[in-house]
$ cat work.txt   # compact mmCIF, N, CA and C atoms
# COMPACT_ATOMS: atom_id res chain seq x y z
N MET A 1 -31.83 -7.37 124.93
CA MET A 1 -32.26 -6.50 123.87
C MET A 1 -31.09 -6.16 122.93
N PHE A 2 -29.95 -5.86 123.47
CA PHE A 2 -28.79 -5.54 122.64
C PHE A 2 -28.37 -6.74 121.80
N SER A 3 -28.43 -7.92 122.38
CA SER A 3 -28.01 -9.10 121.63
C SER A 3 -28.94 -9.38 120.46
N ASN A 4 -30.23 -9.09 120.59
CA ASN A 4 -31.17 -9.28 119.48
C ASN A 4 -30.86 -8.30 118.34
N TRP A 5 -30.49 -7.07 118.69
CA TRP A 5 -30.18 -6.07 117.67
C TRP A 5 -28.91 -6.47 116.89
N ALA A 6 -27.88 -6.94 117.61
CA ALA A 6 -26.64 -7.37 116.96
C ALA A 6 -26.89 -8.57 116.07
N TRP A 7 -27.74 -9.47 116.54
CA TRP A 7 -28.05 -10.65 115.73
C TRP A 7 -28.80 -10.26 114.46
N ALA A 8 -29.68 -9.28 114.53
CA ALA A 8 -30.45 -8.84 113.37
C ALA A 8 -29.52 -8.15 112.36
N GLN A 9 -28.54 -7.42 112.84
CA GLN A 9 -27.61 -6.76 111.92
C GLN A 9 -26.72 -7.77 111.21
N SER A 10 -26.25 -8.78 111.92
CA SER A 10 -25.33 -9.74 111.32
C SER A 10 -26.03 -10.72 110.39
N SER A 11 -27.31 -10.89 110.54
CA SER A 11 -28.02 -11.85 109.69
C SER A 11 -28.71 -11.16 108.52
N ALA A 12 -28.27 -9.96 108.15
CA ALA A 12 -28.85 -9.29 106.99
C ALA A 12 -28.58 -10.14 105.75
N ALA A 13 -29.45 -10.02 104.78
CA ALA A 13 -29.36 -10.86 103.58
C ALA A 13 -28.05 -10.59 102.85
N GLN A 14 -27.24 -11.60 102.69
CA GLN A 14 -25.98 -11.51 101.95
C GLN A 14 -26.26 -11.94 100.51
N PRO A 15 -25.63 -11.25 99.54
CA PRO A 15 -25.85 -11.67 98.14
C PRO A 15 -25.25 -13.06 97.91
N SER A 16 -25.89 -13.78 97.02
CA SER A 16 -25.40 -15.12 96.71
C SER A 16 -24.10 -15.02 95.91
N MET A 17 -23.44 -16.15 95.79
CA MET A 17 -22.17 -16.19 95.06
C MET A 17 -22.37 -15.74 93.62
N PHE A 18 -23.47 -16.15 92.97
CA PHE A 18 -23.75 -15.75 91.60
C PHE A 18 -23.95 -14.24 91.50
N GLU A 19 -24.69 -13.67 92.44
CA GLU A 19 -24.93 -12.23 92.43
C GLU A 19 -23.64 -11.44 92.62
N GLN A 20 -22.67 -12.00 93.30
CA GLN A 20 -21.40 -11.32 93.48
C GLN A 20 -20.57 -11.32 92.20
N PHE A 21 -20.72 -12.35 91.36
CA PHE A 21 -19.94 -12.45 90.12
C PHE A 21 -20.61 -11.81 88.91
N VAL A 22 -21.87 -11.43 89.01
CA VAL A 22 -22.57 -10.82 87.88
C VAL A 22 -21.85 -9.56 87.38
N PRO A 23 -21.44 -8.62 88.25
CA PRO A 23 -20.72 -7.44 87.72
C PRO A 23 -19.42 -7.82 87.02
N LEU A 24 -18.70 -8.80 87.53
CA LEU A 24 -17.46 -9.23 86.89
C LEU A 24 -17.73 -9.83 85.51
N ILE A 25 -18.80 -10.56 85.39
CA ILE A 25 -19.17 -11.15 84.10
C ILE A 25 -19.48 -10.04 83.09
N PHE A 26 -20.24 -9.02 83.52
CA PHE A 26 -20.55 -7.91 82.62
C PHE A 26 -19.29 -7.15 82.22
N ILE A 27 -18.36 -6.97 83.13
CA ILE A 27 -17.11 -6.28 82.81
C ILE A 27 -16.32 -7.08 81.78
N PHE A 28 -16.23 -8.40 81.95
CA PHE A 28 -15.52 -9.23 80.99
C PHE A 28 -16.18 -9.16 79.61
N ILE A 29 -17.50 -9.20 79.57
CA ILE A 29 -18.21 -9.11 78.29
C ILE A 29 -17.94 -7.76 77.62
N ALA A 30 -17.95 -6.69 78.40
CA ALA A 30 -17.66 -5.37 77.84
C ALA A 30 -16.23 -5.31 77.31
N PHE A 31 -15.26 -5.84 78.05
CA PHE A 31 -13.87 -5.86 77.58
C PHE A 31 -13.74 -6.66 76.29
N TYR A 32 -14.45 -7.77 76.21
CA TYR A 32 -14.37 -8.61 75.02
C TYR A 32 -14.84 -7.84 73.79
N PHE A 33 -16.02 -7.21 73.89
CA PHE A 33 -16.57 -6.53 72.72
C PHE A 33 -15.92 -5.19 72.43
N LEU A 34 -15.34 -4.54 73.42
CA LEU A 34 -14.72 -3.23 73.19
C LEU A 34 -13.24 -3.30 72.90
N LEU A 35 -12.53 -4.33 73.38
CA LEU A 35 -11.08 -4.39 73.22
C LEU A 35 -10.59 -5.64 72.49
N ILE A 36 -10.98 -6.79 72.94
CA ILE A 36 -10.41 -8.04 72.43
C ILE A 36 -10.88 -8.33 71.01
N ARG A 37 -12.17 -8.29 70.76
CA ARG A 37 -12.71 -8.64 69.45
C ARG A 37 -12.24 -7.70 68.34
N PRO A 38 -12.26 -6.37 68.55
CA PRO A 38 -11.74 -5.49 67.49
C PRO A 38 -10.26 -5.73 67.19
N GLN A 39 -9.47 -6.02 68.22
CA GLN A 39 -8.05 -6.29 67.99
C GLN A 39 -7.86 -7.58 67.18
N GLN A 40 -8.66 -8.59 67.47
CA GLN A 40 -8.59 -9.84 66.70
C GLN A 40 -8.96 -9.59 65.24
N ASN A 41 -9.96 -8.75 65.00
CA ASN A 41 -10.36 -8.44 63.62
C ASN A 41 -9.26 -7.70 62.89
N ARG A 42 -8.61 -6.73 63.56
CA ARG A 42 -7.51 -6.01 62.92
C ARG A 42 -6.36 -6.95 62.60
N ALA A 43 -6.03 -7.85 63.53
CA ALA A 43 -4.94 -8.80 63.29
C ALA A 43 -5.27 -9.73 62.13
N LYS A 44 -6.51 -10.14 62.03
CA LYS A 44 -6.94 -11.03 60.94
C LYS A 44 -6.84 -10.32 59.58
N LYS A 45 -7.26 -9.05 59.52
CA LYS A 45 -7.17 -8.29 58.27
C LYS A 45 -5.71 -8.06 57.88
N HIS A 46 -4.86 -7.77 58.87
CA HIS A 46 -3.44 -7.56 58.57
C HIS A 46 -2.81 -8.84 58.04
N GLN A 47 -3.16 -9.98 58.63
CA GLN A 47 -2.62 -11.26 58.19
C GLN A 47 -3.04 -11.56 56.75
N GLU A 48 -4.29 -11.27 56.42
CA GLU A 48 -4.76 -11.46 55.04
C GLU A 48 -4.00 -10.54 54.08
N PHE A 49 -3.79 -9.30 54.50
CA PHE A 49 -3.05 -8.35 53.67
C PHE A 49 -1.64 -8.84 53.42
N VAL A 50 -0.97 -9.31 54.46
CA VAL A 50 0.42 -9.76 54.33
C VAL A 50 0.52 -11.00 53.45
N THR A 51 -0.44 -11.91 53.55
CA THR A 51 -0.38 -13.11 52.73
C THR A 51 -0.69 -12.82 51.26
N ASN A 52 -1.41 -11.74 50.99
CA ASN A 52 -1.77 -11.41 49.61
C ASN A 52 -0.83 -10.40 48.96
N LEU A 53 0.32 -10.14 49.57
CA LEU A 53 1.28 -9.22 48.96
C LEU A 53 1.81 -9.81 47.65
N LYS A 54 2.06 -8.93 46.69
CA LYS A 54 2.62 -9.38 45.42
C LYS A 54 3.63 -8.35 44.92
N ARG A 55 4.42 -8.77 44.00
CA ARG A 55 5.46 -7.91 43.43
C ARG A 55 4.82 -6.71 42.76
N GLY A 56 5.38 -5.52 43.00
CA GLY A 56 4.85 -4.30 42.41
C GLY A 56 3.95 -3.52 43.35
N ASP A 57 3.52 -4.10 44.47
CA ASP A 57 2.69 -3.38 45.43
C ASP A 57 3.49 -2.27 46.10
N LYS A 58 2.87 -1.12 46.27
CA LYS A 58 3.48 -0.02 47.00
C LYS A 58 3.01 -0.11 48.45
N VAL A 59 3.98 -0.19 49.37
CA VAL A 59 3.64 -0.43 50.77
C VAL A 59 4.42 0.49 51.70
N LEU A 60 3.96 0.55 52.93
CA LEU A 60 4.61 1.28 54.00
C LEU A 60 4.93 0.29 55.11
N THR A 61 6.17 0.34 55.63
CA THR A 61 6.54 -0.56 56.72
C THR A 61 6.21 0.08 58.05
N GLN A 62 6.25 -0.72 59.11
CA GLN A 62 6.00 -0.18 60.44
C GLN A 62 7.11 0.76 60.88
N GLY A 63 8.27 0.65 60.28
CA GLY A 63 9.37 1.56 60.57
C GLY A 63 9.30 2.85 59.80
N GLY A 64 8.36 2.97 58.87
CA GLY A 64 8.18 4.21 58.13
C GLY A 64 8.81 4.21 56.76
N LEU A 65 9.35 3.08 56.31
CA LEU A 65 9.93 3.01 54.97
C LEU A 65 8.82 2.84 53.95
N TYR A 66 8.91 3.61 52.88
CA TYR A 66 7.97 3.51 51.77
C TYR A 66 8.71 2.87 50.61
N GLY A 67 8.11 1.89 49.99
CA GLY A 67 8.78 1.26 48.87
C GLY A 67 7.85 0.43 48.02
N VAL A 68 8.43 -0.12 46.98
CA VAL A 68 7.72 -1.00 46.07
C VAL A 68 8.30 -2.40 46.24
N ILE A 69 7.43 -3.38 46.34
CA ILE A 69 7.89 -4.75 46.54
C ILE A 69 8.58 -5.23 45.27
N ASP A 70 9.84 -5.67 45.45
CA ASP A 70 10.65 -6.14 44.33
C ASP A 70 10.78 -7.66 44.34
N GLY A 71 10.64 -8.26 45.51
CA GLY A 71 10.74 -9.70 45.63
C GLY A 71 10.09 -10.17 46.92
N ILE A 72 9.60 -11.40 46.91
CA ILE A 72 8.91 -11.94 48.08
C ILE A 72 9.39 -13.36 48.33
N THR A 73 9.69 -13.65 49.60
CA THR A 73 9.90 -15.03 50.03
C THR A 73 8.86 -15.33 51.09
N GLU A 74 8.95 -16.50 51.67
CA GLU A 74 7.96 -16.88 52.67
C GLU A 74 8.02 -15.98 53.91
N GLN A 75 9.23 -15.55 54.27
CA GLN A 75 9.39 -14.77 55.50
C GLN A 75 9.78 -13.31 55.25
N PHE A 76 10.42 -13.02 54.13
CA PHE A 76 10.94 -11.68 53.86
C PHE A 76 10.35 -11.08 52.60
N VAL A 77 10.42 -9.75 52.54
CA VAL A 77 10.03 -8.98 51.37
C VAL A 77 11.20 -8.09 51.02
N VAL A 78 11.53 -8.01 49.74
CA VAL A 78 12.57 -7.10 49.29
C VAL A 78 11.88 -5.85 48.76
N LEU A 79 12.16 -4.71 49.43
CA LEU A 79 11.57 -3.44 49.04
C LEU A 79 12.57 -2.60 48.28
N GLU A 80 12.13 -2.03 47.21
CA GLU A 80 12.95 -1.04 46.51
C GLU A 80 12.52 0.32 47.03
N ILE A 81 13.40 0.96 47.81
CA ILE A 81 13.05 2.24 48.44
C ILE A 81 13.58 3.44 47.64
N ALA A 82 14.49 3.19 46.71
CA ALA A 82 15.00 4.21 45.79
C ALA A 82 15.55 3.46 44.58
N ASP A 83 16.00 4.18 43.58
CA ASP A 83 16.56 3.51 42.40
C ASP A 83 17.76 2.68 42.81
N ASP A 84 17.72 1.40 42.52
CA ASP A 84 18.79 0.45 42.82
C ASP A 84 19.13 0.36 44.30
N VAL A 85 18.19 0.68 45.18
CA VAL A 85 18.39 0.53 46.64
C VAL A 85 17.31 -0.42 47.14
N ASN A 86 17.72 -1.64 47.49
CA ASN A 86 16.79 -2.65 47.97
C ASN A 86 17.05 -2.96 49.43
N VAL A 87 15.98 -3.19 50.18
CA VAL A 87 16.06 -3.49 51.60
C VAL A 87 15.23 -4.74 51.86
N ARG A 88 15.78 -5.67 52.64
CA ARG A 88 15.01 -6.84 53.06
C ARG A 88 14.29 -6.52 54.35
N VAL A 89 13.00 -6.80 54.37
CA VAL A 89 12.16 -6.50 55.52
C VAL A 89 11.34 -7.75 55.84
N LEU A 90 11.12 -7.98 57.14
CA LEU A 90 10.23 -9.08 57.51
C LEU A 90 8.85 -8.82 56.93
N ARG A 91 8.25 -9.85 56.46
CA ARG A 91 6.93 -9.73 55.84
C ARG A 91 5.90 -9.18 56.83
N SER A 92 6.01 -9.58 58.09
CA SER A 92 5.05 -9.14 59.10
C SER A 92 5.20 -7.66 59.45
N GLN A 93 6.31 -7.03 59.05
CA GLN A 93 6.54 -5.62 59.37
C GLN A 93 5.95 -4.68 58.32
N ILE A 94 5.33 -5.22 57.29
CA ILE A 94 4.64 -4.37 56.31
C ILE A 94 3.32 -3.96 56.96
N SER A 95 3.11 -2.65 57.08
CA SER A 95 1.93 -2.21 57.82
C SER A 95 0.71 -1.94 56.95
N SER A 96 0.91 -1.29 55.80
CA SER A 96 -0.26 -0.95 55.01
C SER A 96 0.11 -0.71 53.55
N PRO A 97 -0.89 -0.83 52.68
CA PRO A 97 -0.64 -0.50 51.27
C PRO A 97 -0.72 1.01 51.08
N ILE A 98 -0.09 1.50 50.05
CA ILE A 98 -0.17 2.91 49.69
C ILE A 98 -1.02 2.99 48.43
N GLU A 99 -2.16 3.62 48.54
CA GLU A 99 -3.06 3.72 47.39
C GLU A 99 -2.63 4.85 46.46
N LYS A 100 -2.43 6.03 47.03
CA LYS A 100 -2.03 7.19 46.23
C LYS A 100 -0.75 7.75 46.81
N GLU A 101 0.12 8.20 45.95
CA GLU A 101 1.35 8.81 46.42
C GLU A 101 1.07 10.23 46.88
N ALA A 102 1.76 10.63 47.95
CA ALA A 102 1.61 11.98 48.46
C ALA A 102 2.29 12.96 47.52
N THR A 103 1.64 14.05 47.24
CA THR A 103 2.24 15.06 46.38
C THR A 103 2.94 16.09 47.25
N THR A 104 4.15 16.46 46.83
CA THR A 104 4.92 17.40 47.62
C THR A 104 4.98 18.74 46.95
$ encode --input "work.txt" --output "structure tokens"
Amino acid sequence: MFSNWAWAQSSAAQPSMFEQFVPLIFIFIAFYFLLIRPQQNRAKKHQEFVTNLKRGDKVLTQGGLYGVIDGITEQFVVLEIADDVNVRVLRSQISSPIEKEATT
């Protein structure tokens, strides 16, 4: 009698291999739509912004420098951050355009 009970417990229905991976698949799909895809879209928009930079644009760098683009090369941007003060910055380090100047 005891051996029949132990056998019945051990032969309970085990989930199939596919059923075991279904939660992992849903987690991956959720990560893709909540984390990966939005980051790819932001990176794509930033790349478009950086490629469309032109002389005279007012921009902010990732380091916090505010300036006007004075010159552009393939890899670098020359920012005028004050009168007759120019700084060379990597093009990829330009973070955003400045639409309106802050009033102090």
$ atom_distance --input "work.txt" --atom1 "CA of Phe33 (chain A)" --atom2 "CA of His46 (chain A)"
19.3 Å
$ atom_distance --input "work.txt" --atom1 "CA of Gln93 (chain A)" --atom2 "CA of Thr61 (chain A)"
5.7 Å
$ select_by_dssp --input "work.txt" --residues "region 27-61 of chain A" --states "helix (DSSP H, G or I)" --output "PyMOL selection string"
chain A and resi 27-51
$ atom_distance --input "work.txt" --atom1 "atom N of Ser96 (chain A)" --atom2 "CA of Gln62 (chain A)"
7.0 Å
$ select_by_dssp --input "work.txt" --residues "region 3-76 of chain A" --states "strand (DSSP E)" --output "MDAnalysis selection string"
chainID A and resid 58:61 66:72 76
$ closest_residue --input "work.txt" --among "A:Leu65, A:Ile36, A:Phe76, A:Asp83" --to "Leu53 (chain A)" --atoms "only C-alpha atoms"
A:Phe76
$ residues_near_point --input "work.txt" --point "(4.9, -0.3, 46.9)" --cutoff "6.5 Å" --atoms "only N, CA and C atoms" --output "short mmCIF file (atom, residue, chain, number, x, y, z; two decimals) with N, CA and C atoms, keeping the file's coordinate frame"
data_model
loop_
_atom_site.label_atom_id
_atom_site.label_comp_id
_atom_site.auth_asym_id
_atom_site.auth_seq_id
_atom_site.Cartn_x
_atom_site.Cartn_y
_atom_site.Cartn_z
N GLY A 56 5.38 -5.52 43.00
CA GLY A 56 4.85 -4.30 42.41
C GLY A 56 3.95 -3.52 43.35
N ASP A 57 3.52 -4.10 44.47
CA ASP A 57 2.69 -3.38 45.43
C ASP A 57 3.49 -2.27 46.10
N LYS A 58 2.87 -1.12 46.27
CA LYS A 58 3.48 -0.02 47.00
C LYS A 58 3.01 -0.11 48.45
N VAL A 59 3.98 -0.19 49.37
CA VAL A 59 3.64 -0.43 50.77
C VAL A 59 4.42 0.49 51.70
N LEU A 60 3.96 0.55 52.93
CA LEU A 60 4.61 1.28 54.00
C LEU A 60 4.93 0.29 55.11
N TYR A 66 8.91 3.61 52.88
CA TYR A 66 7.97 3.51 51.77
C TYR A 66 8.71 2.87 50.61
N GLY A 67 8.11 1.89 49.99
CA GLY A 67 8.78 1.26 48.87
C GLY A 67 7.85 0.43 48.02
N VAL A 68 8.43 -0.12 46.98
CA VAL A 68 7.72 -1.00 46.07
C VAL A 68 8.30 -2.40 46.24
N ILE A 69 7.43 -3.38 46.34
CA ILE A 69 7.89 -4.75 46.54
C ILE A 69 8.58 -5.23 45.27
N ILE A 98 -0.09 1.50 50.05
CA ILE A 98 -0.17 2.91 49.69
C ILE A 98 -1.02 2.99 48.43
#
$ residues_around --input "work.txt" --residues "Asn86 (chain A)" --least-positions-apart "4" --cutoff "10 Å" --atoms "only C-alpha atoms" --output "PDB file with N, CA and C atoms, keeping the file's coordinate frame"
ATOM      1  N   GLY A  67       8.110   1.890  49.990  1.00  0.00           N
ATOM      2  CA  GLY A  67       8.780   1.260  48.870  1.00  0.00           C
ATOM      3  C   GLY A  67       7.850   0.430  48.020  1.00  0.00           C
ATOM      4  N   VAL A  68       8.430  -0.120  46.980  1.00  0.00           N
ATOM      5  CA  VAL A  68       7.720  -1.000  46.070  1.00  0.00           C
ATOM      6  C   VAL A  68       8.300  -2.400  46.240  1.00  0.00           C
ATOM      7  N   ILE A  69       7.430  -3.380  46.340  1.00  0.00           N
ATOM      8  CA  ILE A  69       7.890  -4.750  46.540  1.00  0.00           C
ATOM      9  C   ILE A  69       8.580  -5.230  45.270  1.00  0.00           C
ATOM     10  N   ASP A  70       9.840  -5.670  45.450  1.00  0.00           N
ATOM     11  CA  ASP A  70      10.650  -6.140  44.330  1.00  0.00           C
ATOM     12  C   ASP A  70      10.780  -7.660  44.340  1.00  0.00           C
ATOM     13  N   GLY A  71      10.640  -8.260  45.510  1.00  0.00           N
ATOM     14  CA  GLY A  71      10.740  -9.700  45.630  1.00  0.00           C
ATOM     15  C   GLY A  71      10.090 -10.170  46.920  1.00  0.00           C
ATOM     16  N   VAL A  77      10.420  -9.750  52.540  1.00  0.00           N
ATOM     17  CA  VAL A  77      10.030  -8.980  51.370  1.00  0.00           C
ATOM     18  C   VAL A  77      11.200  -8.090  51.020  1.00  0.00           C
ATOM     19  N   VAL A  78      11.530  -8.010  49.740  1.00  0.00           N
ATOM     20  CA  VAL A  78      12.570  -7.100  49.290  1.00  0.00           C
ATOM     21  C   VAL A  78      11.880  -5.850  48.760  1.00  0.00           C
ATOM     22  N   LEU A  79      12.160  -4.710  49.430  1.00  0.00           N
ATOM     23  CA  LEU A  79      11.570  -3.440  49.040  1.00  0.00           C
ATOM     24  C   LEU A  79      12.570  -2.600  48.280  1.00  0.00           C
ATOM     25  N   GLU A  80      12.130  -2.030  47.210  1.00  0.00           N
ATOM     26  CA  GLU A  80      12.950  -1.040  46.510  1.00  0.00           C
ATOM     27  C   GLU A  80      12.520   0.320  47.030  1.00  0.00           C
ATOM     28  N   ILE A  81      13.400   0.960  47.810  1.00  0.00           N
ATOM     29  CA  ILE A  81      13.050   2.240  48.440  1.00  0.00           C
ATOM     30  C   ILE A  81      13.580   3.440  47.640  1.00  0.00           C
ATOM     31  N   ALA A  82      14.490   3.190  46.710  1.00  0.00           N
ATOM     32  CA  ALA A  82      15.000   4.210  45.790  1.00  0.00           C
ATOM     33  C   ALA A  82      15.550   3.460  44.580  1.00  0.00           C
TER      34      ALA A  82
END
$ decode --input "work.txt" --residues "region 15-36 of chain A" --atoms "N, CA and C atoms" --output "PDB file, in the first residue's frame"
ATOM      1  N   PRO A  15       5.129  19.367 -16.038  1.00  0.00           N
ATOM      2  CA  PRO A  15       4.914  20.240 -17.203  1.00  0.00           C
ATOM      3  C   PRO A  15       5.920  19.901 -18.305  1.00  0.00           C
ATOM      4  N   SER A  16       5.469  20.084 -19.524  1.00  0.00           N
ATOM      5  CA  SER A  16       6.346  19.798 -20.653  1.00  0.00           C
ATOM      6  C   SER A  16       7.444  20.863 -20.737  1.00  0.00           C
ATOM      7  N   MET A  17       8.431  20.584 -21.554  1.00  0.00           N
ATOM      8  CA  MET A  17       9.544  21.518 -21.712  1.00  0.00           C
ATOM      9  C   MET A  17       9.051  22.867 -22.216  1.00  0.00           C
ATOM     10  N   PHE A  18       8.093  22.878 -23.150  1.00  0.00           N
ATOM     11  CA  PHE A  18       7.540  24.124 -23.672  1.00  0.00           C
ATOM     12  C   PHE A  18       6.830  24.904 -22.576  1.00  0.00           C
ATOM     13  N   GLU A  19       6.049  24.220 -21.756  1.00  0.00           N
ATOM     14  CA  GLU A  19       5.333  24.885 -20.667  1.00  0.00           C
ATOM     15  C   GLU A  19       6.292  25.489 -19.649  1.00  0.00           C
ATOM     16  N   GLN A  20       7.460  24.921 -19.493  1.00  0.00           N
ATOM     17  CA  GLN A  20       8.437  25.471 -18.563  1.00  0.00           C
ATOM     18  C   GLN A  20       9.065  26.753 -19.106  1.00  0.00           C
ATOM     19  N   PHE A  21       9.180  26.883 -20.429  1.00  0.00           N
ATOM     20  CA  PHE A  21       9.811  28.056 -21.036  1.00  0.00           C
ATOM     21  C   PHE A  21       8.836  29.185 -21.357  1.00  0.00           C
ATOM     22  N   VAL A  22       7.537  28.942 -21.282  1.00  0.00           N
ATOM     23  CA  VAL A  22       6.552  29.978 -21.597  1.00  0.00           C
ATOM     24  C   VAL A  22       6.738  31.219 -20.712  1.00  0.00           C
ATOM     25  N   PRO A  23       6.893  31.094 -19.387  1.00  0.00           N
ATOM     26  CA  PRO A  23       7.106  32.319 -18.589  1.00  0.00           C
ATOM     27  C   PRO A  23       8.376  33.071 -18.987  1.00  0.00           C
ATOM     28  N   LEU A  24       9.440  32.362 -19.318  1.00  0.00           N
ATOM     29  CA  LEU A  24      10.670  33.018 -19.746  1.00  0.00           C
ATOM     30  C   LEU A  24      10.474  33.767 -21.063  1.00  0.00           C
ATOM     31  N   ILE A  25       9.708  33.201 -21.946  1.00  0.00           N
ATOM     32  CA  ILE A  25       9.424  33.855 -23.226  1.00  0.00           C
ATOM     33  C   ILE A  25       8.643  35.148 -22.990  1.00  0.00           C
ATOM     34  N   PHE A  26       7.637  35.099 -22.110  1.00  0.00           N
ATOM     35  CA  PHE A  26       6.860  36.302 -21.798  1.00  0.00           C
ATOM     36  C   PHE A  26       7.732  37.366 -21.140  1.00  0.00           C
ATOM     37  N   ILE A  27       8.639  36.971 -20.271  1.00  0.00           N
ATOM     38  CA  ILE A  27       9.539  37.931 -19.625  1.00  0.00           C
ATOM     39  C   ILE A  27      10.434  38.594 -20.669  1.00  0.00           C
ATOM     40  N   PHE A  28      10.987  37.814 -21.606  1.00  0.00           N
ATOM     41  CA  PHE A  28      11.828  38.381 -22.651  1.00  0.00           C
ATOM     42  C   PHE A  28      11.038  39.363 -23.520  1.00  0.00           C
ATOM     43  N   ILE A  29       9.814  39.006 -23.866  1.00  0.00           N
ATOM     44  CA  ILE A  29       8.977  39.901 -24.682  1.00  0.00           C
ATOM     45  C   ILE A  29       8.703  41.202 -23.924  1.00  0.00           C
ATOM     46  N   ALA A  30       8.414  41.100 -22.633  1.00  0.00           N
ATOM     47  CA  ALA A  30       8.166  42.299 -21.836  1.00  0.00           C
ATOM     48  C   ALA A  30       9.427  43.166 -21.771  1.00  0.00           C
ATOM     49  N   PHE A  31      10.593  42.570 -21.555  1.00  0.00           N
ATOM     50  CA  PHE A  31      11.841  43.330 -21.530  1.00  0.00           C
ATOM     51  C   PHE A  31      12.093  44.014 -22.862  1.00  0.00           C
ATOM     52  N   TYR A  32      11.803  43.324 -23.949  1.00  0.00           N
ATOM     53  CA  TYR A  32      12.034  43.900 -25.270  1.00  0.00           C
ATOM     54  C   TYR A  32      11.191  45.162 -25.454  1.00  0.00           C
ATOM     55  N   PHE A  33       9.893  45.065 -25.158  1.00  0.00           N
ATOM     56  CA  PHE A  33       9.015  46.205 -25.410  1.00  0.00           C
ATOM     57  C   PHE A  33       9.137  47.307 -24.365  1.00  0.00           C
ATOM     58  N   LEU A  34       9.565  46.985 -23.153  1.00  0.00           N
ATOM     59  CA  LEU A  34       9.667  48.000 -22.111  1.00  0.00           C
ATOM     60  C   LEU A  34      11.049  48.618 -21.995  1.00  0.00           C
ATOM     61  N   LEU A  35      12.107  47.908 -22.383  1.00  0.00           N
ATOM     62  CA  LEU A  35      13.465  48.409 -22.199  1.00  0.00           C
ATOM     63  C   LEU A  35      14.270  48.521 -23.487  1.00  0.00           C
ATOM     64  N   ILE A  36      14.349  47.466 -24.237  1.00  0.00           N
ATOM     65  CA  ILE A  36      15.248  47.414 -25.390  1.00  0.00           C
ATOM     66  C   ILE A  36      14.750  48.299 -26.532  1.00  0.00           C
TER      67      ILE A  36
END
